[in-house]
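Asks: Sending over input.cif (mmCIF, C-alpha atoms and all ligand atoms).
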data_start
loop_
_atom_site.group_PDB
_atom_site.id
_atom_site.type_symbol
_atom_site.label_atom_id
_atom_site.label_comp_id
_atom_site.auth_asym_id
_atom_site.auth_seq_id
_atom_site.Cartn_x
_atom_site.Cartn_y
_atom_site.Cartn_z
ATOM 1 C CA MET A 1 225.653 238.841 27.421
ATOM 2 C CA GLN A 2 228.546 240.687 28.999
ATOM 3 C CA THR A 3 229.042 238.467 32.040
ATOM 4 C CA LEU A 4 228.995 234.723 32.732
ATOM 5 C CA TYR A 5 228.366 233.361 36.251
ATOM 6 C CA ILE A 6 229.861 229.924 36.829
ATOM 7 C CA THR A 7 229.209 227.652 39.794
ATOM 8 C CA HIS A 8 228.501 223.990 40.633
ATOM 9 C CA PRO A 9 226.240 222.247 43.187
ATOM 10 C CA ALA A 10 229.196 220.239 44.556
ATOM 11 C CA CYS A 11 230.707 223.494 45.855
ATOM 12 C CA HIS A 12 227.920 223.458 48.494
ATOM 13 C CA LEU A 13 228.738 219.946 49.678
ATOM 14 C CA HIS A 14 232.322 220.531 50.785
ATOM 15 C CA GLU A 15 232.278 221.689 54.403
ATOM 16 C CA MET A 16 234.834 221.618 57.179
ATOM 17 C CA GLY A 17 232.671 221.601 60.320
ATOM 18 C CA SER A 18 229.830 223.838 61.497
ATOM 19 C CA TRP A 19 232.304 226.165 63.256
ATOM 20 C CA HIS A 20 234.307 226.856 60.104
ATOM 21 C CA PRO A 21 233.996 230.332 58.525
ATOM 22 C CA GLU A 22 234.669 228.988 55.002
ATOM 23 C CA CYS A 23 231.152 227.550 54.833
ATOM 24 C CA PRO A 24 228.635 226.609 52.109
ATOM 25 C CA GLY A 25 226.417 229.545 53.145
ATOM 26 C CA ARG A 26 228.948 231.874 51.517
ATOM 27 C CA LEU A 27 227.712 230.847 48.083
ATOM 28 C CA ASP A 28 224.086 231.281 49.158
ATOM 29 C CA ALA A 29 224.901 234.788 50.404
ATOM 30 C CA ILE A 30 226.157 235.743 46.940
ATOM 31 C CA ASN A 31 223.443 233.944 45.005
ATOM 32 C CA ASP A 32 220.676 235.422 47.176
ATOM 33 C CA ARG A 33 221.902 238.973 46.584
ATOM 34 C CA LEU A 34 222.074 238.401 42.833
ATOM 35 C CA VAL A 35 218.530 237.043 42.761
ATOM 36 C CA ALA A 36 217.032 239.621 45.147
ATOM 37 C CA SER A 37 218.632 242.536 43.314
ATOM 38 C CA GLY A 38 217.447 241.299 39.912
ATOM 39 C CA LEU A 39 221.048 241.184 38.684
ATOM 40 C CA MET A 40 220.805 237.453 37.957
ATOM 41 C CA ASP A 41 218.401 238.256 35.112
ATOM 42 C CA PHE A 42 221.161 240.167 33.322
ATOM 43 C CA ILE A 43 223.956 237.612 33.467
ATOM 44 C CA ASP A 44 224.268 234.109 32.010
ATOM 45 C CA GLU A 45 224.722 231.098 34.270
ATOM 46 C CA GLN A 46 226.769 227.997 33.579
ATOM 47 C CA THR A 47 227.666 224.882 35.559
ATOM 48 C CA ALA A 48 231.388 224.233 35.909
ATOM 49 C CA VAL A 49 232.982 221.086 34.509
ATOM 50 C CA ALA A 50 235.610 219.325 36.629
ATOM 51 C CA ALA A 51 239.230 220.014 35.742
ATOM 52 C CA THR A 52 241.277 217.113 34.386
ATOM 53 C CA ASP A 53 244.471 215.967 36.030
ATOM 54 C CA ALA A 54 246.349 217.336 33.009
ATOM 55 C CA ASP A 55 244.877 220.779 33.815
ATOM 56 C CA LEU A 56 245.952 220.538 37.462
ATOM 57 C CA LEU A 57 249.437 219.224 36.699
ATOM 58 C CA ARG A 58 250.342 222.491 34.967
ATOM 59 C CA VAL A 59 250.533 223.919 38.521
ATOM 60 C CA HIS A 60 250.505 221.082 41.034
ATOM 61 C CA GLU A 61 252.963 218.271 41.620
ATOM 62 C CA PRO A 62 251.680 214.712 41.025
ATOM 63 C CA ARG A 63 252.351 213.818 44.669
ATOM 64 C CA HIS A 64 249.954 216.584 45.774
ATOM 65 C CA LEU A 65 247.068 215.133 43.760
ATOM 66 C CA ALA A 66 247.960 211.658 45.049
ATOM 67 C CA TYR A 67 247.971 212.972 48.645
ATOM 68 C CA LEU A 68 244.514 214.513 48.281
ATOM 69 C CA ARG A 69 243.059 211.351 46.744
ATOM 70 C CA GLU A 70 244.714 209.105 49.305
ATOM 71 C CA HIS A 71 243.381 211.067 52.276
ATOM 72 C CA ALA A 72 239.872 211.900 51.014
ATOM 73 C CA PRO A 73 237.577 210.407 53.666
ATOM 74 C CA ALA A 74 234.683 208.103 52.747
ATOM 75 C CA GLU A 75 232.904 209.523 55.793
ATOM 76 C CA GLY A 76 233.695 212.089 58.466
ATOM 77 C CA TYR A 77 236.662 214.422 58.089
ATOM 78 C CA PHE A 78 240.372 214.324 57.336
ATOM 79 C CA GLN A 79 242.296 217.238 58.800
ATOM 80 C CA ILE A 80 245.220 218.404 56.652
ATOM 81 C CA ASP A 81 246.019 221.239 59.035
ATOM 82 C CA ALA A 82 244.137 223.056 61.789
ATOM 83 C CA ASP A 83 241.735 224.775 59.400
ATOM 84 C CA THR A 84 242.064 222.913 56.071
ATOM 85 C CA ILE A 85 239.841 219.878 56.302
ATOM 86 C CA MET A 86 238.442 217.357 53.795
ATOM 87 C CA ASN A 87 234.977 215.806 53.900
ATOM 88 C CA PRO A 88 233.643 213.162 51.474
ATOM 89 C CA HIS A 89 232.738 215.882 48.915
ATOM 90 C CA THR A 90 235.928 217.932 49.029
ATOM 91 C CA LEU A 91 237.602 216.236 46.081
ATOM 92 C CA GLU A 92 234.668 216.812 43.747
ATOM 93 C CA ALA A 93 234.234 220.407 44.943
ATOM 94 C CA ALA A 94 237.930 221.203 44.540
ATOM 95 C CA TRP A 95 238.053 219.659 41.066
ATOM 96 C CA VAL A 96 234.985 221.584 39.820
ATOM 97 C CA ALA A 97 236.179 224.829 41.458
ATOM 98 C CA ALA A 98 239.388 224.511 39.454
ATOM 99 C CA GLY A 99 237.390 223.544 36.368
ATOM 100 C CA ALA A 100 235.262 226.685 36.688
ATOM 101 C CA GLY A 101 238.292 228.847 35.959
ATOM 102 C CA ILE A 102 239.041 226.828 32.843
ATOM 103 C CA THR A 103 235.421 227.139 31.670
ATOM 104 C CA ALA A 104 235.685 230.890 32.279
ATOM 105 C CA VAL A 105 238.917 231.232 30.298
ATOM 106 C CA ASP A 106 237.408 229.344 27.362
ATOM 107 C CA ALA A 107 234.314 231.586 27.432
ATOM 108 C CA VAL A 108 236.210 234.871 27.371
ATOM 109 C CA MET A 109 238.807 233.651 24.865
ATOM 110 C CA ARG A 110 236.091 232.402 22.508
ATOM 111 C CA GLN A 111 234.299 235.701 23.122
ATOM 112 C CA THR A 112 230.944 234.238 24.114
ATOM 113 C CA HIS A 113 231.218 236.626 27.086
ATOM 114 C CA ARG A 114 233.444 239.593 27.898
ATOM 115 C CA ASN A 115 234.053 238.436 31.453
ATOM 116 C CA ALA A 116 233.155 235.727 33.958
ATOM 117 C CA PHE A 117 232.748 235.368 37.705
ATOM 118 C CA CYS A 118 233.311 231.953 39.296
ATOM 119 C CA ALA A 119 231.243 231.535 42.477
ATOM 120 C CA VAL A 120 233.121 228.513 43.722
ATOM 121 C CA ARG A 121 234.616 227.041 46.858
ATOM 122 C CA PRO A 122 236.965 225.772 48.164
ATOM 123 C CA PRO A 123 239.008 228.882 47.389
ATOM 124 C CA GLY A 124 242.486 228.530 45.938
ATOM 125 C CA HIS A 125 245.070 231.273 46.310
ATOM 126 C CA HIS A 126 246.903 229.789 49.311
ATOM 127 C CA ALA A 127 247.282 226.331 47.750
ATOM 128 C CA ARG A 128 250.937 225.704 46.929
ATOM 129 C CA PRO A 129 252.057 223.418 44.099
ATOM 130 C CA SER A 130 252.623 220.668 46.627
ATOM 131 C CA GLN A 131 250.591 221.681 49.700
ATOM 132 C CA ALA A 132 246.971 222.393 50.657
ATOM 133 C CA MET A 133 246.691 225.170 53.239
ATOM 134 C CA GLY A 134 244.538 228.088 54.367
ATOM 135 C CA PHE A 135 241.166 226.545 53.382
ATOM 136 C CA CYS A 136 242.606 225.900 49.854
ATOM 137 C CA PHE A 137 243.306 222.534 48.182
ATOM 138 C CA LEU A 138 243.940 223.393 44.519
ATOM 139 C CA ASN A 139 245.041 226.811 43.284
ATOM 140 C CA ASN A 140 242.032 227.579 41.099
ATOM 141 C CA ILE A 141 243.322 230.817 39.647
ATOM 142 C CA ALA A 142 246.831 229.539 38.972
ATOM 143 C CA ILE A 143 245.359 226.526 37.170
ATOM 144 C CA ALA A 144 243.193 228.819 35.026
ATOM 145 C CA VAL A 145 246.140 231.104 34.233
ATOM 146 C CA ALA A 146 248.275 228.108 33.265
ATOM 147 C CA HIS A 147 245.457 226.893 30.988
ATOM 148 C CA ALA A 148 245.270 230.295 29.285
ATOM 149 C CA LEU A 149 249.037 230.396 28.779
ATOM 150 C CA ASP A 150 249.216 226.877 27.430
ATOM 151 C CA ARG A 151 246.027 226.590 25.377
ATOM 152 C CA TYR A 152 245.816 230.117 23.965
ATOM 153 C CA LYS A 153 249.535 230.905 23.897
ATOM 154 C CA LEU A 154 249.002 234.276 25.553
ATOM 155 C CA GLU A 155 252.125 236.266 26.294
ATOM 156 C CA ARG A 156 250.904 238.710 28.960
ATOM 157 C CA ILE A 157 248.453 237.783 31.716
ATOM 158 C CA ALA A 158 247.736 239.931 34.786
ATOM 159 C CA ILE A 159 246.514 238.585 38.123
ATOM 160 C CA ILE A 160 244.992 241.068 40.567
ATOM 161 C CA ASP A 161 244.428 239.697 44.078
ATOM 162 C CA PHE A 162 242.436 241.961 46.425
ATOM 163 C CA ASP A 163 241.811 239.327 49.089
ATOM 164 C CA VAL A 164 242.988 240.510 52.527
ATOM 165 C CA HIS A 165 245.472 237.625 52.686
ATOM 166 C CA HIS A 166 248.676 237.185 50.710
ATOM 167 C CA GLY A 167 248.121 234.880 47.711
ATOM 168 C CA ASN A 168 251.238 232.911 48.506
ATOM 169 C CA GLY A 169 250.358 229.904 46.371
ATOM 170 C CA THR A 170 249.703 231.998 43.281
ATOM 171 C CA GLU A 171 252.916 233.941 43.871
ATOM 172 C CA GLU A 172 254.891 230.704 44.193
ATOM 173 C CA SER A 173 253.358 229.392 40.963
ATOM 174 C CA PHE A 174 254.390 232.364 38.801
ATOM 175 C CA ALA A 175 257.271 234.218 40.495
ATOM 176 C CA GLY A 176 259.859 234.868 37.780
ATOM 177 C CA ASP A 177 257.534 233.991 34.878
ATOM 178 C CA PRO A 178 257.701 237.031 32.568
ATOM 179 C CA ARG A 179 254.355 236.139 30.964
ATOM 180 C CA VAL A 180 252.542 236.895 34.242
ATOM 181 C CA LEU A 181 252.279 240.102 36.276
ATOM 182 C CA MET A 182 250.683 239.679 39.709
ATOM 183 C CA CYS A 183 249.453 242.702 41.679
ATOM 184 C CA SER A 184 248.015 242.468 45.176
ATOM 185 C CA PHE A 185 247.739 244.098 48.552
ATOM 186 C CA PHE A 186 247.346 242.183 51.783
ATOM 187 C CA GLN A 187 247.314 242.866 55.487
ATOM 188 C CA HIS A 188 250.719 242.217 57.014
ATOM 189 C CA PRO A 189 251.519 240.619 59.333
ATOM 190 C CA LEU A 190 248.693 238.121 58.939
ATOM 191 C CA PHE A 191 248.217 234.519 57.799
ATOM 192 C CA PRO A 192 249.993 232.952 55.914
ATOM 193 C CA ASP A 193 253.030 235.041 56.937
ATOM 194 C CA GLN A 194 255.075 233.798 54.004
ATOM 195 C CA TYR A 195 255.716 237.206 52.476
ATOM 196 C CA GLN A 196 259.264 238.216 51.801
ATOM 197 C CA TYR A 197 260.385 241.304 49.956
ATOM 198 C CA PRO A 198 259.203 240.796 46.358
ATOM 199 C CA PRO A 199 260.559 237.432 45.289
ATOM 200 C CA ALA A 200 260.620 238.434 41.630
ATOM 201 C CA GLU A 201 260.238 241.439 39.357
ATOM 202 C CA ASN A 202 256.793 240.292 38.166
ATOM 203 C CA MET A 203 255.300 240.286 41.681
ATOM 204 C CA VAL A 204 253.819 243.635 42.744
ATOM 205 C CA ASN A 205 252.473 242.397 46.056
ATOM 206 C CA ILE A 206 252.134 245.174 48.598
ATOM 207 C CA PRO A 207 251.864 244.538 52.342
ATOM 208 C CA VAL A 208 249.632 247.039 54.175
ATOM 209 C CA HIS A 209 249.171 247.597 57.876
ATOM 210 C CA ALA A 210 246.068 246.665 59.853
ATOM 211 C CA TYR A 211 243.373 249.362 59.876
ATOM 212 C CA ALA A 212 244.266 250.647 56.400
ATOM 213 C CA LYS A 213 241.092 252.134 54.922
ATOM 214 C CA GLY A 214 239.542 252.007 51.484
ATOM 215 C CA ASP A 215 241.282 255.211 50.431
ATOM 216 C CA ASP A 216 244.675 253.757 51.373
ATOM 217 C CA LEU A 217 243.963 250.654 49.293
ATOM 218 C CA ARG A 218 242.720 252.720 46.345
ATOM 219 C CA PHE A 219 246.036 254.573 46.568
ATOM 220 C CA VAL A 220 247.949 251.291 46.267
ATOM 221 C CA ALA A 221 245.868 250.302 43.241
ATOM 222 C CA ASP A 222 246.105 253.706 41.574
ATOM 223 C CA GLU A 223 249.734 254.563 42.247
ATOM 224 C CA VAL A 224 251.463 251.188 42.400
ATOM 225 C CA TRP A 225 249.461 248.577 40.469
ATOM 226 C CA MET A 226 248.052 250.595 37.604
ATOM 227 C CA PRO A 227 251.286 252.041 36.176
ATOM 228 C CA ARG A 228 252.778 248.549 36.081
ATOM 229 C CA LEU A 229 249.614 247.048 34.616
ATOM 230 C CA ARG A 230 249.264 249.723 31.917
ATOM 231 C CA ALA A 231 252.906 249.317 30.901
ATOM 232 C CA PHE A 232 252.433 245.514 30.794
ATOM 233 C CA ARG A 233 249.342 245.667 28.560
ATOM 234 C CA PRO A 234 247.757 242.368 29.673
ATOM 235 C CA GLU A 235 245.878 240.320 27.082
ATOM 236 C CA LEU A 236 243.723 238.711 29.794
ATOM 237 C CA ILE A 237 243.134 239.752 33.413
ATOM 238 C CA PHE A 238 242.378 237.449 36.341
ATOM 239 C CA ILE A 239 240.999 238.582 39.675
ATOM 240 C CA SER A 240 241.439 236.667 42.916
ATOM 241 C CA ALA A 241 238.250 238.167 44.313
ATOM 242 C CA GLY A 242 238.370 237.816 48.063
ATOM 243 C CA PHE A 243 236.040 240.098 49.982
ATOM 244 C CA ASP A 244 237.579 239.650 53.431
ATOM 245 C CA ALA A 245 239.231 243.096 53.382
ATOM 246 C CA HIS A 246 235.706 244.430 54.072
ATOM 247 C CA ARG A 247 235.531 246.401 57.293
ATOM 248 C CA GLU A 248 232.717 244.163 58.604
ATOM 249 C CA ASP A 249 234.801 241.004 58.082
ATOM 250 C CA ASP A 250 236.527 240.064 61.309
ATOM 251 C CA MET A 251 239.002 237.700 59.656
ATOM 252 C CA ALA A 252 241.270 240.762 59.391
ATOM 253 C CA GLN A 253 241.282 244.502 60.072
ATOM 254 C CA LEU A 254 241.146 246.343 56.751
ATOM 255 C CA GLY A 255 238.494 248.902 55.870
ATOM 256 C CA MET A 256 237.139 248.222 52.389
ATOM 257 C CA VAL A 257 233.428 248.848 51.749
ATOM 258 C CA GLU A 258 231.199 248.126 48.758
ATOM 259 C CA SER A 259 232.047 251.397 46.998
ATOM 260 C CA ASP A 260 235.748 250.498 47.186
ATOM 261 C CA TYR A 261 235.087 247.123 45.552
ATOM 262 C CA ALA A 262 233.054 248.852 42.839
ATOM 263 C CA TRP A 263 235.862 251.382 42.248
ATOM 264 C CA MET A 264 238.562 248.726 42.125
ATOM 265 C CA THR A 265 236.524 246.552 39.755
ATOM 266 C CA GLN A 266 235.892 249.556 37.509
ATOM 267 C CA GLN A 267 239.627 250.243 37.251
ATOM 268 C CA ILE A 268 240.145 246.637 36.156
ATOM 269 C CA VAL A 269 237.265 246.777 33.637
ATOM 270 C CA THR A 270 238.764 249.940 32.138
ATOM 271 C CA LEU A 271 242.194 248.332 31.918
ATOM 272 C CA ALA A 272 240.699 245.225 30.302
ATOM 273 C CA ASP A 273 238.922 247.373 27.727
ATOM 274 C CA GLU A 274 242.211 249.122 26.908
ATOM 275 C CA SER A 275 244.422 246.118 26.229
ATOM 276 C CA ALA A 276 242.568 242.837 26.787
ATOM 277 C CA GLN A 277 239.431 243.147 24.629
ATOM 278 C CA GLY A 278 237.526 243.340 27.900
ATOM 279 C CA ARG A 279 238.553 239.840 28.968
ATOM 280 C CA ILE A 280 238.390 239.290 32.747
ATOM 281 C CA VAL A 281 238.118 236.057 34.739
ATOM 282 C CA SER A 282 237.224 236.676 38.384
ATOM 283 C CA MET A 283 237.282 233.871 40.950
ATOM 284 C CA LEU A 284 235.932 233.939 44.487
ATOM 285 C CA GLU A 285 238.543 233.604 47.221
ATOM 286 C CA GLY A 286 237.758 234.738 50.825
ATOM 287 C CA GLY A 287 234.945 236.744 52.439
ATOM 288 C CA TYR A 288 233.466 235.462 55.675
ATOM 289 C CA ASN A 289 230.939 238.005 56.914
ATOM 290 C CA LEU A 290 228.028 236.659 54.910
ATOM 291 C CA SER A 291 226.123 239.933 54.592
ATOM 292 C CA ALA A 292 229.194 241.936 53.576
ATOM 293 C CA LEU A 293 230.254 239.151 51.196
ATOM 294 C CA GLY A 294 226.883 239.143 49.424
ATOM 295 C CA ARG A 295 226.796 242.932 49.064
ATOM 296 C CA SER A 296 230.411 243.199 47.927
ATOM 297 C CA ALA A 297 230.168 240.374 45.390
ATOM 298 C CA GLU A 298 226.988 241.946 44.021
ATOM 299 C CA VAL A 299 228.654 245.309 43.310
ATOM 300 C CA HIS A 300 231.683 243.512 41.886
ATOM 301 C CA ILE A 301 229.555 241.489 39.452
ATOM 302 C CA ARG A 302 227.349 244.490 38.654
ATOM 303 C CA THR A 303 230.456 246.461 37.688
ATOM 304 C CA LEU A 304 231.785 243.584 35.589
ATOM 305 C CA ALA A 305 228.412 243.446 33.838
ATOM 306 C CA LYS A 306 228.443 247.237 33.270
ATOM 307 C CA LEU A 307 224.988 247.552 34.822
HETATM 308 ZN ZN ZN A 401 241.479 235.799 52.510
#
In structure tokens, what does this structure look like?
Replies:
Amino acid sequence: MQTLYITHPACHLHEMGSWHPECPGRLDAINDRLVASGLMDFIDEQTAVAATDADLLRVHEPRHLAYLREHAPAEGYFQIDADTIMNPHTLEAAWVAAGAGITAVDAVMRQTHRNAFCAVRPPGHHARPSQAMGFCFLNNIAIAVAHALDRYKLERIAIIDFDVHHGNGTEESFAGDPRVLMCSFFQHPLFPDQYQYPPAENMVNIPVHAYAKGDDLRFVADEVWMPRLRAFRPELIFISAGFDAHREDDMAQLGMVESDYAWMTQQIVTLADESAQGRIVSMLEGGYNLSALGRSAEVHIRTLAKL
């Protein structure tokens, strides 16, 4: 089949308190839409395998892994910062979320599937090499990119991040690495407020103002990302698929709707067909309005699956 859907039951068990928007119900919202729409019948499903420490150490510092293990609570919670909190299942969930990206890379590189979507949490793009932050513990997408570079010796990998927040951890992991081109937009100013004028030539990360609409964001993709991506000719494309730029998501104030996610995904599918033998690995990041998240992820996966 065209598309592989990767998840793991442990991703439901990590939770940070009933008040927290990054909740297990997010995965149900996506899964329910895929089942109800019939789309699940047209994609393959696979359970993620936990990443190894060797996988994680391509991105993270040993002291970061030691910190997470040391502070993982046997019961109750351990609060790393105001909104990044561990429960007794966080370690397993974080390790399988990172492993999902590796499973996805292996699938598309071995050509069992053209592309893969990882429905996993905790998300990853804020996690720095040595710091958990912003609901993120391990940088899932950076770990998967590093695996692809190392294991398959790829020379040109693109990362497209359409989450409403700046993927600061991913940027930190690859700024200045000529094998990687990262393209994103993000509302600015907004958490994590770590953006500075492009830190390196390979970072095409575009701040946009609050209340930018879908057309404005399509313009960024069309006029700024795509020329750089086409010139780069990526051999594999990763997507940090956050759906919190949706206009119904009150985590921020951007105006994407489902048709914008479908359009953006289609541009990436076309690009992948041109230079990357169709290979795309998409990983869930944000998206906190459960209805909008389910609808947006459905059109994203439907477009990946060419259905
Ligand atoms: Zn986000």
Asks: Once the PyMOL selection byres (((chain A and resi 294) around 9) and not hetatm) has been applied to the shown file, what residues remain in the selection, as a list in words?
Replies: Arg26, Leu27, Asp28, Ala29, Ile30, Asn31, Asp32, Arg33, Leu34, Gly287, Asn289, Leu290, Ser291, Ala292, Leu293, Arg295, Ser296, Ala297, Glu298 and Val299 of chain A
Asks: Compile the contact shell of region 145-147 of chain A as a PyMOL selection string: residues with an atom at most 10 Å away, counting all atoms listed in the file, same-chain residues fewer than 3 positions apart removed.
Replies: chain A and resi 54-59+101-102+105-106+140-142+150-154+157-159+170+173-174+180+236-238+281
Asks: What's the separation between CA of Ile239 (chain A) and CA of Asn202 (chain A), in Å to one decimal place?
Replies: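 So the two atoms, CA of Ile239 (chain A) and CA of Asn202 (chain A), lie 16.0 Å apart.
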Asks: Quick one: contact table of chain A to ligand ZN 401 (chain A), 12 Å max, nearest atom pair and distance in Å to one decimal per residue, counting all atoms listed in the file, chain and number order, as CSV?
Replies:
residue,atom,partner,partner_atom,distance
A:Pro21,CA,A:ZN401,ZN,11.0
A:Glu22,CA,A:ZN401,ZN,9.9
A:Pro122,CA,A:ZN401,ZN,11.8
A:Pro123,CA,A:ZN401,ZN,9.0
A:Gly124,CA,A:ZN401,ZN,9.9
A:His125,CA,A:ZN401,ZN,8.5
A:His126,CA,A:ZN401,ZN,8.7
A:Met133,CA,A:ZN401,ZN,11.9
A:Gly134,CA,A:ZN401,ZN,8.5
A:Phe135,CA,A:ZN401,ZN,9.3
A:Cys136,CA,A:ZN401,ZN,10.3
A:Asp161,CA,A:ZN401,ZN,9.7
A:Phe162,CA,A:ZN401,ZN,8.7
A:Asp163,CA,A:ZN401,ZN,4.9
A:Val164,CA,A:ZN401,ZN,4.9
A:His165,CA,A:ZN401,ZN,4.4
A:His166,CA,A:ZN401,ZN,7.5
A:Gly167,CA,A:ZN401,ZN,8.2
A:Asn168,CA,A:ZN401,ZN,10.9
A:Ser184,CA,A:ZN401,ZN,11.9
A:Phe185,CA,A:ZN401,ZN,11.1
A:Phe186,CA,A:ZN401,ZN,8.7
A:Gln187,CA,A:ZN401,ZN,9.6
A:Leu190,CA,A:ZN401,ZN,9.9
A:Phe191,CA,A:ZN401,ZN,8.7
A:Pro192,CA,A:ZN401,ZN,9.6
A:Ser240,CA,A:ZN401,ZN,9.6
A:Ala241,CA,A:ZN401,ZN,9.1
A:Gly242,CA,A:ZN401,ZN,5.8
A:Phe243,CA,A:ZN401,ZN,7.4
A:Asp244,CA,A:ZN401,ZN,5.6
A:Ala245,CA,A:ZN401,ZN,7.7
A:His246,CA,A:ZN401,ZN,10.5
A:Asp249,CA,A:ZN401,ZN,10.1
A:Asp250,CA,A:ZN401,ZN,11.0
A:Met251,CA,A:ZN401,ZN,7.8
A:Ala252,CA,A:ZN401,ZN,8.5
A:Gln253,CA,A:ZN401,ZN,11.5
A:Leu254,CA,A:ZN401,ZN,11.4
A:Leu284,CA,A:ZN401,ZN,9.9
A:Glu285,CA,A:ZN401,ZN,6.4
A:Gly286,CA,A:ZN401,ZN,4.2
A:Gly287,CA,A:ZN401,ZN,6.6
A:Tyr288,CA,A:ZN401,ZN,8.6
A:Asn289,CA,A:ZN401,ZN,11.6
A:Leu293,CA,A:ZN401,ZN,11.8
Asks: Report as a ChimeraX atom specification the full result of the PyMOL selection byres (((chain A and resi 80) around 10) and not hetatm) when it is applied to this structure.
Replies: /A:68,71,77-79,81-86,131-135,137
Asks: Please determine, counting all atoms listed in the file, which residue among A:Leu217, A:Met109, A:Ile206, A:Gly25 has the shortest atom-to-atom distance to Val257 (chain A).
Replies: A:Leu217
Asks: Which residues are close to Cys23 (chain A), i.e. within 9 Å by all atoms listed in the file, leaving aside same-chain residues fewer than 3 positions away? Reply as a ChimeraX atom specification.
Replies: /A:12,14-20,26-27,121,288
Asks: Measuring between all atoms listed in the file, which one of A:Ala276, A:Met1, A:Met203, A:Val220 shows the shortest distance to Leu181 (chain A)?
Replies: A:Met203
Asks: So, with all atoms listed in the file as the atoms that count, which of A:Leu138, A:Glu248, A:Thr90, A:Cys118 lies closest to Leu65 (chain A)?
Replies: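 Counting all atoms listed in the file, the residue closest to Leu65 (chain A) is A:Leu138.
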Asks: Would you list the residues near (223.5, 227.4, 31.1) (no more than 10 Å away, in the coordinates of the file, using all atoms listed in the file) as a short mmCIF file (atom, residue, chain, number, x, y, z; two decimals) with C-alpha atoms, keeping the file's coordinate frame?
Replies:
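Generated output (part-v3.cif):
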data_model
loop_
_atom_site.label_atom_id
_atom_site.label_comp_id
_atom_site.auth_asym_id
_atom_site.auth_seq_id
_atom_site.Cartn_x
_atom_site.Cartn_y
_atom_site.Cartn_z
CA LEU A 4 229.00 234.72 32.73
CA TYR A 5 228.37 233.36 36.25
CA ILE A 6 229.86 229.92 36.83
CA ASP A 44 224.27 234.11 32.01
CA GLU A 45 224.72 231.10 34.27
CA GLN A 46 226.77 228.00 33.58
CA THR A 47 227.67 224.88 35.56
CA ALA A 48 231.39 224.23 35.91
#
